[in-house]
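Peer 1: For reference, this is coords.cif, and it has mmCIF, C-alpha atoms.
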data_start
loop_
_atom_site.label_atom_id
_atom_site.label_comp_id
_atom_site.auth_asym_id
_atom_site.auth_seq_id
_atom_site.Cartn_x
_atom_site.Cartn_y
_atom_site.Cartn_z
CA MET U 1 89.91 71.51 108.08
CA THR U 2 88.05 68.53 106.71
CA LEU U 3 86.48 67.47 103.51
CA ASP U 4 82.80 68.30 103.43
CA PRO U 5 81.18 64.86 104.09
CA ARG U 6 77.99 65.82 102.31
CA LEU U 7 79.85 66.77 99.20
CA VAL U 8 81.98 63.67 99.32
CA LEU U 9 78.90 61.53 99.61
CA THR U 10 77.23 63.44 96.82
CA ALA U 11 80.31 62.92 94.74
CA ALA U 12 80.32 59.24 95.55
CA LEU U 13 76.71 58.86 94.50
CA LEU U 14 77.43 60.68 91.32
CA ALA U 15 80.63 58.87 90.62
CA GLY U 16 79.27 55.87 88.84
CA SER U 17 77.43 57.80 86.16
CA ALA U 18 79.80 60.72 86.01
CA LEU U 19 82.79 58.57 85.31
CA VAL U 20 81.08 57.28 82.24
CA SER U 21 78.92 60.10 80.97
CA ARG U 22 81.07 63.13 81.58
CA ALA U 23 84.51 61.86 80.89
CA THR U 24 84.41 62.72 77.22
CA ALA U 25 83.16 66.22 78.00
CA GLN U 26 86.46 67.13 79.62
CA THR U 27 88.57 69.70 77.81
CA LEU U 28 91.39 69.75 80.31
CA PRO U 29 94.79 68.64 79.09
CA GLU U 30 95.54 65.98 81.66
CA PRO U 31 92.55 63.63 81.46
CA PRO U 32 92.04 61.33 78.52
CA VAL U 33 89.79 62.47 75.71
CA ASP U 34 88.18 59.08 75.34
CA PRO U 35 88.99 56.82 78.26
CA SER U 36 88.65 53.14 77.73
CA PRO U 37 86.29 51.07 79.91
CA ALA U 38 89.36 49.67 81.63
CA GLU U 39 90.64 53.19 82.39
CA ILE U 40 87.25 54.21 83.70
CA ALA U 41 87.13 51.13 85.88
CA ARG U 42 90.57 51.88 87.27
CA GLY U 43 89.56 55.49 87.74
CA ARG U 44 86.52 54.38 89.70
CA ASP U 45 88.65 52.15 91.89
CA ALA U 46 91.03 55.00 92.54
CA PHE U 47 88.10 57.23 93.38
CA VAL U 48 86.70 54.78 95.91
CA GLU U 49 90.12 54.34 97.47
CA GLY U 50 90.51 58.10 97.62
CA MET U 51 87.19 58.42 99.39
CA ALA U 52 88.36 56.01 102.08
CA HIS U 53 91.54 58.03 102.60
CA ALA U 54 89.59 61.28 102.67
CA ARG U 55 87.20 60.01 105.33
CA ALA U 56 90.24 59.06 107.41
CA GLU U 57 91.78 62.47 106.65
CA ARG U 58 94.80 60.89 105.00
CA TRP U 59 94.97 63.79 102.62
CA ALA U 60 98.19 63.03 100.81
CA ARG U 61 96.97 59.55 99.87
CA ALA U 62 93.54 60.90 99.01
CA ARG U 63 95.13 63.44 96.73
CA THR U 64 97.15 60.76 94.97
CA CYS U 65 94.06 58.66 94.42
CA PHE U 66 91.83 61.47 93.19
CA THR U 67 94.59 62.68 90.89
CA ARG U 68 94.91 59.20 89.42
CA SER U 69 91.15 58.90 89.11
CA TYR U 70 90.92 62.21 87.29
CA ARG U 71 93.76 61.40 84.94
CA LEU U 72 92.26 58.04 84.09
CA SER U 73 88.64 59.05 83.77
CA GLY U 74 88.47 62.82 83.35
CA SER U 75 85.56 62.81 85.76
CA PRO U 76 84.60 66.24 87.10
CA VAL U 77 83.58 64.51 90.29
CA ALA U 78 87.11 63.26 90.73
CA LEU U 79 88.29 66.77 90.00
CA PHE U 80 85.90 68.14 92.58
CA ASN U 81 87.22 65.80 95.22
CA LEU U 82 90.78 66.53 94.21
CA ALA U 83 90.14 70.24 94.61
CA SER U 84 88.46 69.69 97.94
CA THR U 85 91.36 67.55 99.13
CA LEU U 86 93.88 70.19 98.09
CA ARG U 87 91.85 72.70 100.08
CA SER U 88 92.01 70.46 103.12
CA MET U 89 95.78 70.20 102.69
CA GLY U 90 96.16 73.97 102.65
CA ARG U 91 97.22 73.88 98.99
CA TYR U 92 95.01 76.81 98.22
CA VAL U 93 96.59 77.86 94.92
CA ALA U 94 96.27 74.35 93.49
CA ALA U 95 92.76 74.04 94.92
CA ARG U 96 91.72 77.34 93.36
CA ASP U 97 93.08 76.27 90.01
CA ALA U 98 91.32 72.93 90.25
CA PHE U 99 88.02 74.61 91.09
CA ASP U 100 88.56 76.95 88.15
CA ARG U 101 89.00 73.98 85.88
CA LEU U 102 85.91 72.38 87.27
CA LEU U 103 83.82 75.53 86.91
CA SER U 104 84.92 75.89 83.33
CA ASN U 105 83.10 72.64 82.68
CA ALA U 106 79.59 73.59 81.60
CA SER U 107 78.28 70.10 82.18
CA ILE U 108 78.51 70.06 85.95
CA ASP U 109 75.25 70.11 87.81
CA VAL U 110 74.02 73.16 89.68
CA GLN U 111 74.63 71.67 93.10
CA THR U 112 78.25 70.86 92.31
CA GLN U 113 78.70 74.22 90.65
CA ARG U 114 77.43 76.13 93.67
CA ALA U 115 79.52 74.10 96.05
CA ALA U 116 82.57 74.60 93.85
CA GLU U 117 81.96 78.33 93.59
CA ARG U 118 81.65 78.65 97.35
CA MET U 119 84.77 76.62 98.02
CA ARG U 120 86.65 78.36 95.25
CA ALA U 121 85.90 81.74 96.83
CA GLU U 122 87.00 80.42 100.19
CA VAL U 123 90.36 79.13 99.00
CA ALA U 124 90.98 82.14 96.77
CA ALA U 125 90.65 84.39 99.81
CA ARG U 126 93.43 82.45 101.48
CA VAL U 127 95.90 82.62 98.63
CA ALA U 128 98.73 85.05 99.23
CA ARG U 129 100.11 87.36 96.59
CA LEU U 130 103.76 88.23 96.20
CA GLN U 131 104.52 91.07 93.85
CA VAL U 132 108.12 91.59 92.83
CA ARG U 133 109.07 94.94 91.40
CA GLY U 134 112.32 95.94 89.83
CA VAL U 135 112.72 92.85 87.69
CA PRO U 136 114.42 93.94 84.46
CA PRO U 137 112.52 93.52 81.19
CA GLY U 138 112.67 90.18 79.44
CA PRO U 139 111.61 86.61 80.07
CA ALA U 140 112.26 86.04 83.76
CA ARG U 141 112.96 82.54 84.98
CA VAL U 142 111.00 82.05 88.16
CA GLU U 143 111.62 79.31 90.68
CA VAL U 144 109.37 78.87 93.69
CA ASP U 145 110.35 76.43 96.41
CA GLY U 146 112.64 74.64 94.01
CA ALA U 147 110.06 74.29 91.25
CA THR U 148 110.63 76.11 87.99
CA ARG U 149 107.71 78.01 86.52
CA PRO U 150 107.13 79.17 82.95
CA ALA U 151 109.06 82.30 82.00
CA VAL U 152 107.32 85.50 83.04
CA ARG U 153 107.31 88.64 80.92
CA GLU U 154 104.75 90.69 82.81
CA ARG U 155 105.96 93.36 85.19
CA PRO U 156 105.82 93.58 88.06
CA VAL U 157 106.15 89.85 88.53
CA ALA U 158 103.11 88.64 90.46
CA LEU U 159 103.10 85.25 92.17
CA TRP U 160 100.15 83.57 93.83
CA LEU U 161 101.39 81.39 96.65
CA ASP U 162 100.06 79.33 99.50
CA PRO U 163 100.46 80.95 102.89
CA GLY U 164 103.63 79.90 104.66
CA ALA U 165 107.36 79.99 104.10
CA HIS U 166 108.68 80.21 100.58
CA ALA U 167 111.91 80.51 98.67
CA VAL U 168 111.67 82.47 95.44
CA ALA U 169 114.37 82.97 92.85
CA ILE U 170 114.07 85.10 89.72
CA ALA U 171 116.80 85.07 87.10
CA LEU U 172 117.44 87.00 83.93
CA GLY U 173 120.53 86.00 82.04
CA ALA U 174 123.36 85.70 84.50
CA ARG U 175 121.71 87.91 87.08
CA ALA U 176 119.53 86.56 89.81
CA TRP U 177 117.55 87.65 92.83
CA ARG U 178 116.53 85.43 95.69
CA TRP U 179 114.07 85.86 98.50
CA ARG U 180 113.00 83.81 101.48
CA GLY U 181 110.08 84.77 103.59
CA THR U 182 106.71 83.89 105.02
CA LEU U 183 103.34 84.94 103.67
CA GLY U 184 100.15 85.06 105.67
CA GLU U 185 96.74 83.79 104.57
CA GLY U 186 95.29 86.11 101.97
CA GLY U 187 98.22 88.44 102.45
CA SER U 188 99.75 90.64 99.81
CA ARG U 189 103.36 91.65 99.85
CA THR U 190 105.33 93.82 97.49
CA ILE U 191 109.08 93.49 97.28
CA ASP U 192 111.62 95.54 95.40
CA ALA U 193 114.06 93.09 93.89
CA VAL U 194 117.71 93.97 93.73
CA PHE U 195 119.52 92.04 91.04
CA ASP U 196 123.12 91.99 92.08
CA ALA U 197 125.94 91.31 89.69
CA PRO U 198 126.68 87.58 89.43
CA GLU U 199 129.37 86.28 91.67
CA ALA U 200 132.10 84.20 90.16
CA ALA U 201 131.76 81.69 93.00
CA ASP U 202 128.21 80.92 91.89
CA GLU U 203 129.41 79.57 88.57
CA PRO U 204 130.92 76.19 89.28
CA GLY U 205 133.83 75.28 87.15
CA GLU U 206 134.09 78.69 85.54
CA GLY U 207 136.21 81.76 86.06
CA PRO U 208 139.37 82.38 87.94
CA ASP U 209 138.13 80.69 91.16
CA ASP U 210 138.22 77.30 89.49
CA PRO U 211 141.75 76.10 90.29
CA THR U 212 141.81 73.13 87.95
CA PRO U 213 143.16 74.81 84.83
CA TRP U 214 145.83 76.53 86.85
CA ILE U 215 146.93 73.34 88.51
CA VAL U 216 147.36 71.93 85.04
CA LEU U 217 149.33 74.91 83.97
CA GLY U 218 151.21 74.79 87.22
CA GLY U 219 152.22 78.41 87.17
CA ALA U 220 151.68 81.07 89.76
CA ALA U 221 151.88 83.70 87.09
CA GLY U 222 148.88 82.21 85.33
CA ALA U 223 146.87 82.23 88.52
CA VAL U 224 147.72 85.84 89.15
CA LEU U 225 146.81 86.78 85.62
CA ALA U 226 143.47 85.05 86.03
CA LEU U 227 142.86 86.96 89.24
CA VAL U 228 143.58 90.22 87.54
CA ILE U 229 141.27 89.41 84.66
CA GLY U 230 138.62 88.26 87.09
CA ALA U 231 138.94 91.44 89.09
CA VAL U 232 138.58 93.61 86.02
CA VAL U 233 135.51 91.66 84.95
CA ALA U 234 134.10 91.87 88.47
CA ASP U 235 134.69 95.57 88.48
CA ALA U 236 132.86 96.03 85.20
CA GLU U 237 129.97 93.89 86.40
CA ALA U 238 129.88 95.63 89.74
CA GLN U 239 128.86 98.83 88.01
CA LEU U 240 125.14 99.01 88.46
CA ASP U 241 123.03 98.69 85.35
CA PRO U 242 119.69 100.44 84.95
CA ARG U 243 116.82 98.03 85.37
CA SER U 244 114.10 99.97 83.60
CA PRO U 245 113.83 100.92 79.92
CA HIS U 246 113.70 104.61 80.83
CA VAL U 247 117.21 105.72 81.72
CA LEU U 248 118.65 109.08 82.63
CA GLU U 249 122.40 109.45 82.98
CA LEU U 250 123.15 112.47 85.10
CA PRO U 251 125.25 115.06 83.30
CA MET W 252 158.53 85.83 89.97
CA THR W 253 156.25 86.06 92.96
CA ARG W 254 157.76 89.34 94.06
CA GLY W 255 157.26 90.69 90.58
CA VAL W 256 153.56 89.99 90.42
CA ARG W 257 152.65 91.15 93.93
CA PRO W 258 151.41 94.56 92.71
CA TRP W 259 149.01 92.75 90.38
CA TRP W 260 147.57 90.91 93.34
CA LEU W 261 147.01 94.19 95.12
CA ALA W 262 145.48 95.75 92.03
CA ALA W 263 143.15 92.81 91.66
CA LEU W 264 142.00 93.03 95.24
CA LEU W 265 141.46 96.75 95.02
CA LEU W 266 139.51 96.51 91.80
CA ALA W 267 137.19 93.71 92.76
CA GLY W 268 133.60 94.63 93.51
CA CYS W 269 134.00 98.40 93.60
CA ALA W 270 130.88 99.85 92.05
CA ARG W 271 131.36 103.55 91.69
CA ASN W 272 127.94 104.45 90.41
CA ALA W 273 124.46 104.35 91.89
CA VAL W 274 120.97 104.06 90.45
CA LEU W 275 117.78 105.70 91.65
CA GLU W 276 114.65 103.99 90.40
CA LEU W 277 112.16 106.80 90.37
CA GLU W 278 108.61 105.50 90.29
CA ILE W 279 106.28 108.00 88.70
CA ASP W 280 102.54 107.53 88.83
CA LEU W 281 101.25 109.45 85.85
CA PRO W 282 97.95 110.97 84.76
CA ARG W 283 96.04 109.97 81.64
CA PRO W 284 96.73 111.83 78.41
CA ALA W 285 94.52 114.81 77.76
CA GLY W 286 94.13 116.87 74.64
CA ARG W 287 97.47 117.25 72.92
CA ILE W 288 99.37 116.05 75.95
CA THR W 289 100.59 112.55 75.25
CA HIS W 290 103.99 112.29 76.91
CA ALA W 291 105.63 112.94 80.23
CA VAL W 292 109.21 114.10 79.75
CA VAL W 293 111.48 113.58 82.70
CA GLN W 294 114.75 115.35 83.43
CA ALA W 295 117.01 115.16 86.43
CA ARG W 296 120.14 116.89 87.56
CA SER W 297 122.23 116.83 90.65
CA GLY W 298 122.99 119.80 92.85
CA ALA W 299 121.94 122.67 90.62
CA GLY W 300 118.33 123.13 91.71
CA PHE W 301 115.49 124.08 89.41
CA ASP W 302 116.56 127.56 88.42
CA GLY W 303 118.62 128.14 85.35
CA ASP W 304 118.93 126.45 82.01
CA TRP W 305 117.69 122.88 81.61
CA SER W 306 118.05 122.76 77.84
CA GLN W 307 121.25 120.73 77.98
CA VAL W 308 119.96 118.29 80.59
CA PRO W 309 119.16 114.84 79.16
CA ALA W 310 115.51 113.87 79.10
CA VAL W 311 113.54 110.67 78.80
CA ALA W 312 109.98 110.55 77.48
CA VAL W 313 107.25 108.30 78.80
CA PRO W 314 104.04 107.96 76.77
CA LEU W 315 100.86 108.47 78.75
CA ASP W 316 98.39 105.62 78.54
CA ALA W 317 94.73 106.36 77.91
CA SER W 318 93.75 103.01 79.42
CA CYS W 319 95.06 104.05 82.83
CA VAL W 320 92.28 103.77 85.40
CA ARG W 321 92.74 104.54 89.07
CA PRO W 322 90.48 103.60 91.92
CA GLU W 323 88.53 106.48 93.43
CA PRO W 324 89.68 107.75 95.76
CA ALA W 325 93.26 106.90 94.87
CA PRO W 326 95.24 105.36 97.74
CA ALA W 327 98.05 107.32 99.33
CA CYS W 328 101.03 107.49 97.04
CA ARG W 329 103.26 105.23 99.10
CA ASP W 330 100.53 102.63 99.52
CA ARG W 331 99.70 102.22 95.86
CA GLU W 332 100.40 99.15 93.85
CA LEU W 333 101.65 100.73 90.70
CA ASP W 334 99.80 99.79 87.54
CA ALA W 335 102.08 99.61 84.51
CA ARG W 336 99.46 101.48 82.48
CA CYS W 337 99.53 104.42 84.87
CA SER W 338 103.15 104.53 85.88
CA ALA W 339 106.74 104.34 84.79
CA VAL W 340 110.05 103.70 86.44
CA VAL W 341 112.91 105.93 85.38
CA SER W 342 116.39 104.75 86.26
CA VAL W 343 118.56 107.72 87.12
CA VAL W 344 122.22 106.76 86.99
CA ALA W 345 124.67 108.81 89.02
CA GLY W 346 128.43 108.82 89.03
CA GLU W 347 130.72 109.42 91.96
CA ALA W 348 130.34 113.19 91.86
CA GLU W 349 126.54 113.16 91.85
CA LEU W 350 125.96 110.90 94.83
CA ALA W 351 125.61 113.37 97.67
CA PRO W 352 123.99 116.55 96.30
CA PRO W 353 120.20 116.88 96.19
CA LEU W 354 118.56 115.63 93.04
CA SER W 355 116.15 117.85 91.14
CA VAL W 356 113.60 116.18 88.89
CA ARG W 357 111.28 117.87 86.41
CA VAL W 358 108.35 116.16 84.79
CA ARG W 359 106.94 118.10 81.87
CA PHE W 360 103.88 117.16 79.88
CA CYS W 361 104.25 117.42 76.16
CA ALA W 362 102.67 116.74 72.80
CA ASP W 363 105.56 114.57 71.65
CA ALA W 364 108.53 112.69 73.03
CA SER W 365 111.02 115.40 72.14
CA CYS W 366 108.93 118.04 73.87
CA THR W 367 110.02 120.68 71.42
CA ALA W 368 106.85 122.57 72.14
CA PRO W 369 105.38 121.80 75.55
CA ALA W 370 101.66 121.37 75.24
CA ALA W 371 101.16 122.92 78.62
CA PRO W 372 103.47 125.42 80.29
CA ALA W 373 103.35 123.50 83.52
CA GLU W 374 105.41 120.87 85.20
CA HIS W 375 105.82 118.78 88.31
CA ARG W 376 108.98 119.09 90.36
CA VAL W 377 110.55 116.74 92.84
CA ALA W 378 113.48 117.54 95.10
CA ILE W 379 115.14 114.50 96.61
CA GLU W 380 117.34 115.32 99.55
CA ARG W 381 119.68 112.42 98.85
CA ALA W 382 118.87 109.91 96.18
CA PHE W 383 122.07 107.92 95.71
CA TYR W 384 124.40 105.69 97.63
CA ARG W 385 127.45 104.29 95.99
CA GLY W 386 126.94 100.81 94.64
CA ARG W 387 123.27 100.70 95.60
CA TYR W 388 119.94 100.74 93.89
CA THR W 389 117.50 103.09 95.58
CA GLN W 390 113.84 103.82 95.00
CA ALA W 391 111.63 106.86 95.42
CA ARG W 392 108.12 107.59 94.28
CA THR W 393 106.08 110.53 93.13
CA CYS W 394 102.42 110.46 92.17
CA ILE W 395 101.05 112.92 89.66
CA ASP W 396 97.35 112.24 89.60
CA ALA W 397 96.37 115.19 87.43
CA LEU W 398 98.13 117.28 84.85
CA PRO W 399 99.86 120.15 86.63
CA THR W 400 98.84 123.71 85.99
CA ASP W 401 101.69 125.66 87.55
CA PRO W 402 104.70 126.46 85.33
CA ALA W 403 106.98 126.91 88.33
CA PRO W 404 105.48 124.90 91.16
CA PRO W 405 107.12 124.35 94.51
CA ALA W 406 109.06 121.11 94.44
CA GLU W 407 107.64 118.07 96.12
CA PRO W 408 110.23 117.21 98.75
CA ILE W 409 111.39 113.65 99.28
CA ALA W 410 113.46 113.43 102.41
CA ARG W 411 116.59 111.33 102.67
CA CYS W 412 114.86 108.82 104.92
CA GLU W 413 112.00 108.35 102.46
CA VAL W 414 114.34 106.95 99.83
CA ARG W 415 114.13 103.18 99.85
CA CYS W 416 116.87 100.70 99.31
CA ARG W 417 115.66 97.37 100.61
CA ASP W 418 112.77 94.96 100.55
CA GLY W 419 109.38 95.81 101.90
CA THR W 420 108.03 99.02 103.29
CA ALA W 421 108.95 100.95 106.38
CA ALA W 422 107.97 104.24 107.95
CA SER W 423 111.55 105.38 107.58
CA TYR W 424 114.56 104.05 105.77
CA CYS W 425 116.95 105.48 108.31
CA ARG W 426 118.26 103.83 111.43
CA LEU W 427 117.66 105.24 114.86
CA ASP W 428 121.05 106.89 114.76
CA GLY W 429 120.01 108.78 111.65
CA THR W 430 122.13 106.89 109.19
CA HIS W 431 120.42 105.63 106.08
CA PHE W 432 119.87 101.93 105.48
CA CYS W 433 121.95 102.30 102.33
CA GLU W 434 124.94 103.53 104.26
CA GLU W 435 127.34 100.85 105.31
#
Would you write the structure of this file as structure tokens?

Peer 2:
Amino acid sequence: MTLDPRLVLTAALLAGSALVSRATAQTLPEPPVDPSPAEIARGRDAFVEGMAHARAERWARARTCFTRSYRLSGSPVALFNLASTLRSMGRYVAARDAFDRLLSNASIDVQTQRAAERMRAEVAARVARLQVRGVPPGPARVEVDGATRPAVRERPVALWLDPGAHAVAIALGARAWRWRGTLGEGGSRTIDAVFDAPEAADEPGEGPDDPTPWIVLGGAAGAVLALVIGAVVADAEAQLDPRSPHVLELP
Amino acid sequence: MTRGVRPWWLAALLLAGCARNAVLELEIDLPRPAGRITHAVVQARSGAGFDGDWSQVPAVAVPLDASCVRPEPAPACRDRELDARCSAVVSVVAGEAELAPPLSVRVRFCADASCTAPAAPAEHRVAIERAFYRGRYTQARTCIDALPTDPAPPAEPIARCEVRCRDGTAASYCRLDGTHFCEE
């Protein structure tokens, strides 16, 4: 998949004026509200460098440059090229979000808008959806591929992910659920999460498995006592808790 | 000293990780409220069937949501993505004695959460062949697209192998040898 050369060239032609005239129209949080001439100049340089990388299909470098250009200048053209580059990299979720940002900008011209709408629809169709049911109520901490996301309160938990292999972890309090799997392009998968009781071994430095305090105490009796306490706690935690607000205890 | 504490070691090992209960997460796709009917009241009991007195059986009430909208035609029950506005999950907790017998579930439709006076003398019944496995969460689903009209309807059967206990979907949740995925 390559960057659309026509659009890149269009963007390049537009770049000079857009960097100046549209920068202040940006409402997005990352770009500057009122970039200085020096920032705009650096943004333009980054844009030109990004174009060279994009033509050579060096997408990672192109992405870095367009991101820098957008942050410096707030140019929607830089944002367009960033979105297009993300699409070429297969980063469909990020590309979709970038196109959404761009399309929320009322100042973009019709040609850019139509191109963005078409490409946005294309990438959105490739985004995969992972729906996780059975997550207990409350703010769930969600980690996807090692990156922490804002706490999620909605149920079921719905995640939009790029196709491919992923590692997902959802935690509530001391309880956690982990999943590894592969999602296809545009696929949708629903998983019933099972939040197991926390294992003492997962808590470094805590609980009866941590030998340090017992070495200090130097007594076998203390270690045994800790094991007993740990076992009782484990037993209590091993009892399954209801995960929905509607609970029926059988008589 | 060591000889004296050996029984504690054994007790600790025996106690660790022994969940004695089980939880069925019963997914219920519910109809919209209509007239005076505003709540679904769910009861469940193990082994005793539907006949006889249910007055002492605990109940949980789920308010029906008027904003519930389903696609037409509604997908097959097992294929639906449950909408929180149209559905509820009831966790049925079973102790050791209730694991093996069939589970009977009644869903009544009432004018209030206490269901002191059912707004409609009708209910939906579900009979789950085996709902629980010690130390495991299981899931089963029933879809009630319209308010029932029969006060004593035949129970909707959910076979043992339709009860889920792991990720994803499968045609059956039993192994080829007939044992359930939840069985060790």

Peer 1: Report the residues retrieved by the PyMOL selection byres ((chain U and resi 116-133) around 6) from the displayed file, expressed as an mmCIF file with C-alpha atoms, in the frame of the given file.

Peer 2:
data_model
loop_
_atom_site.group_PDB
_atom_site.id
_atom_site.type_symbol
_atom_site.label_atom_id
_atom_site.label_comp_id
_atom_site.auth_asym_id
_atom_site.auth_seq_id
_atom_site.Cartn_x
_atom_site.Cartn_y
_atom_site.Cartn_z
ATOM 1 C CA TYR U 92 95.010 76.810 98.220
ATOM 2 C CA ARG U 96 91.720 77.340 93.360
ATOM 3 C CA PHE U 99 88.020 74.610 91.090
ATOM 4 C CA THR U 112 78.250 70.860 92.310
ATOM 5 C CA GLN U 113 78.700 74.220 90.650
ATOM 6 C CA ARG U 114 77.430 76.130 93.670
ATOM 7 C CA ALA U 115 79.520 74.100 96.050
ATOM 8 C CA GLY U 134 112.320 95.940 89.830
ATOM 9 C CA VAL U 135 112.720 92.850 87.690
ATOM 10 C CA PRO U 156 105.820 93.580 88.060
ATOM 11 C CA VAL U 157 106.150 89.850 88.530
ATOM 12 C CA ALA U 158 103.110 88.640 90.460
ATOM 13 C CA LEU U 159 103.100 85.250 92.170
ATOM 14 C CA TRP U 160 100.150 83.570 93.830
ATOM 15 C CA LEU U 161 101.390 81.390 96.650
ATOM 16 C CA ASP U 162 100.060 79.330 99.500
ATOM 17 C CA PRO U 163 100.460 80.950 102.890
ATOM 18 C CA GLU U 185 96.740 83.790 104.570
ATOM 19 C CA GLY U 186 95.290 86.110 101.970
ATOM 20 C CA GLY U 187 98.220 88.440 102.450
ATOM 21 C CA SER U 188 99.750 90.640 99.810
ATOM 22 C CA ARG U 189 103.360 91.650 99.850
ATOM 23 C CA THR U 190 105.330 93.820 97.490
ATOM 24 C CA ILE U 191 109.080 93.490 97.280
ATOM 25 C CA ASP U 192 111.620 95.540 95.400
ATOM 26 C CA ALA U 193 114.060 93.090 93.890
#

Peer 1: To one decimal in Å, tell me the separation between atom CA of W:Leu427 and atom CA of W:Asn272.

Peer 2: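 Separation between atom CA of W:Leu427 and atom CA of W:Asn272: 26.5 Å.
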
Peer 1: When the PyMOL selection byres ((chain U and resi 245) around 9) is applied to the structure above, which residues does it catch, written out as a list in words?

Peer 2: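 What the PyMOL selection byres ((chain U and resi 245) around 9) grabs from the file is Pro136, Pro137, Pro242, Arg243, Ser244, His246 and Val247 of chain U; Val340, Val341 and Ser342 of chain W.
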
Peer 1: Which residues are near U:Ala60? Cut-off 9 Å, only C-alpha atoms, ignore same chain within fewer than 4 positions. Put them as a list in words.

Peer 2: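 Result of the neighbour search: His53, Ala54, Thr64, Cys65, Thr85, Leu86 and Met89 of chain U.
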
Peer 1: Determine, using all atoms listed in the file, which residues of stretch 327-412 of chain W have any atom at most 7 Å from an atom of stretch 295-312 of chain W, and tabulate each with its shortest atom pair and distance in Å to one decimal place, rows ordered by chain and then rising number, as a Markdown table.

Peer 2:
| residue | atom | partner | partner_atom | distance |
| --- | --- | --- | --- | --- |
| W:Glu349 | CA | W:Ser297 | CA | 5.8 |
| W:Pro352 | CA | W:Gly298 | CA | 4.8 |
| W:Pro353 | CA | W:Gly298 | CA | 5.2 |
| W:Leu354 | CA | W:Ser297 | CA | 4.5 |
| W:Ser355 | CA | W:Arg296 | CA | 5.4 |
| W:Val356 | CA | W:Ala295 | CA | 4.3 |
| W:Arg357 | CA | W:Ala295 | CA | 6.3 |
| W:Ala364 | CA | W:Ala312 | CA | 5.1 |

Peer 1: Take atom CA of W:Pro372 and atom CA of W:Ala325 and report the distance between them in Å, one decimal.

Peer 2: 25.7 Å

Peer 1: What is the distance between atom CA of W:Glu380 and atom CA of W:Ile409, in Å to one decimal?

Peer 2: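 For atom CA of W:Glu380 relative to atom CA of W:Ile409, the distance reads 6.2 Å.
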
Peer 1: What residues come out when you apply the PyMOL selection byres ((chain W and resi 425) around 10) to this file, written as JSON, numbers by chain?

Peer 2: {"W": [411, 412, 413, 414, 415, 421, 422, 423, 424, 426, 427, 428, 429, 430, 431, 432, 433, 434]}

Peer 1: Would you list the contacts of stretch 169-184 of chain U as a list in words, taking every protein, DNA or RNA residue within 6 Å and counting all atoms listed in the file, but skipping same-chain residues closer than 3 positions in sequence?

Peer 2: Ala140, Arg141, Val142, Glu143, Pro163, Gly164, Ala165, His166, Gly187, Phe195 and Pro198 of chain U

Peer 1: Any idea what's packed within 9 Å of W:Leu333, counting only C-alpha atoms, ignoring anything in its chain fewer than 4 positions away? Could you give it as a ChimeraX atom specification?

Peer 2: /U:156 /W:278-280,337-339

Peer 1: Just the residues within 8 Å of W:Gly346, please, counting all atoms listed in the file, with nothing from its chain fewer than 6 positions along; format it as a count of residues only.

Peer 2: 4

Peer 1: Could you check the closest approach to chain W for each of U:Gly146, U:Ala167, U:Glu154, U:Glu49 and tell me which residue wins, using all atoms listed in the file?

Peer 2: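 The answer is U:Glu154, which sits nearest to chain W.
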
Peer 1: How would stretch 408-417 of chain W read, as a PDB file, keeping the file's coordinate frame, once N, CA and C atoms are built in?

Peer 2:
ATOM      1  N   PRO W 408     108.997 117.681  98.106  1.00  0.00           N
ATOM      2  CA  PRO W 408     110.230 117.210  98.750  1.00  0.00           C
ATOM      3  C   PRO W 408     110.168 115.712  99.058  1.00  0.00           C
ATOM      4  N   ILE W 409     111.246 115.042  98.825  1.00  0.00           N
ATOM      5  CA  ILE W 409     111.390 113.650  99.280  1.00  0.00           C
ATOM      6  C   ILE W 409     112.628 113.611 100.164  1.00  0.00           C
ATOM      7  N   ALA W 410     112.371 113.380 101.422  1.00  0.00           N
ATOM      8  CA  ALA W 410     113.460 113.430 102.410  1.00  0.00           C
ATOM      9  C   ALA W 410     114.392 112.230 102.250  1.00  0.00           C
ATOM     10  N   ARG W 411     115.562 112.375 102.741  1.00  0.00           N
ATOM     11  CA  ARG W 411     116.590 111.330 102.670  1.00  0.00           C
ATOM     12  C   ARG W 411     116.057 109.990 103.194  1.00  0.00           C
ATOM     13  N   CYS W 412     115.326 110.056 104.282  1.00  0.00           N
ATOM     14  CA  CYS W 412     114.860 108.820 104.920  1.00  0.00           C
ATOM     15  C   CYS W 412     113.623 108.233 104.247  1.00  0.00           C
ATOM     16  N   GLU W 413     113.103 108.901 103.237  1.00  0.00           N
ATOM     17  CA  GLU W 413     112.000 108.350 102.460  1.00  0.00           C
ATOM     18  C   GLU W 413     112.494 107.575 101.241  1.00  0.00           C
ATOM     19  N   VAL W 414     113.759 107.663 100.977  1.00  0.00           N
ATOM     20  CA  VAL W 414     114.340 106.950  99.830  1.00  0.00           C
ATOM     21  C   VAL W 414     114.603 105.518 100.254  1.00  0.00           C
ATOM     22  N   ARG W 415     114.058 104.589  99.482  1.00  0.00           N
ATOM     23  CA  ARG W 415     114.130 103.180  99.850  1.00  0.00           C
ATOM     24  C   ARG W 415     115.351 102.516  99.249  1.00  0.00           C
ATOM     25  N   CYS W 416     115.782 101.473  99.911  1.00  0.00           N
ATOM     26  CA  CYS W 416     116.870 100.700  99.310  1.00  0.00           C
ATOM     27  C   CYS W 416     116.842  99.251  99.753  1.00  0.00           C
ATOM     28  N   ARG W 417     115.727  98.792 100.269  1.00  0.00           N
ATOM     29  CA  ARG W 417     115.660  97.370 100.610  1.00  0.00           C
ATOM     30  C   ARG W 417     114.219  96.891 100.559  1.00  0.00           C
TER      31      ARG W 417
END
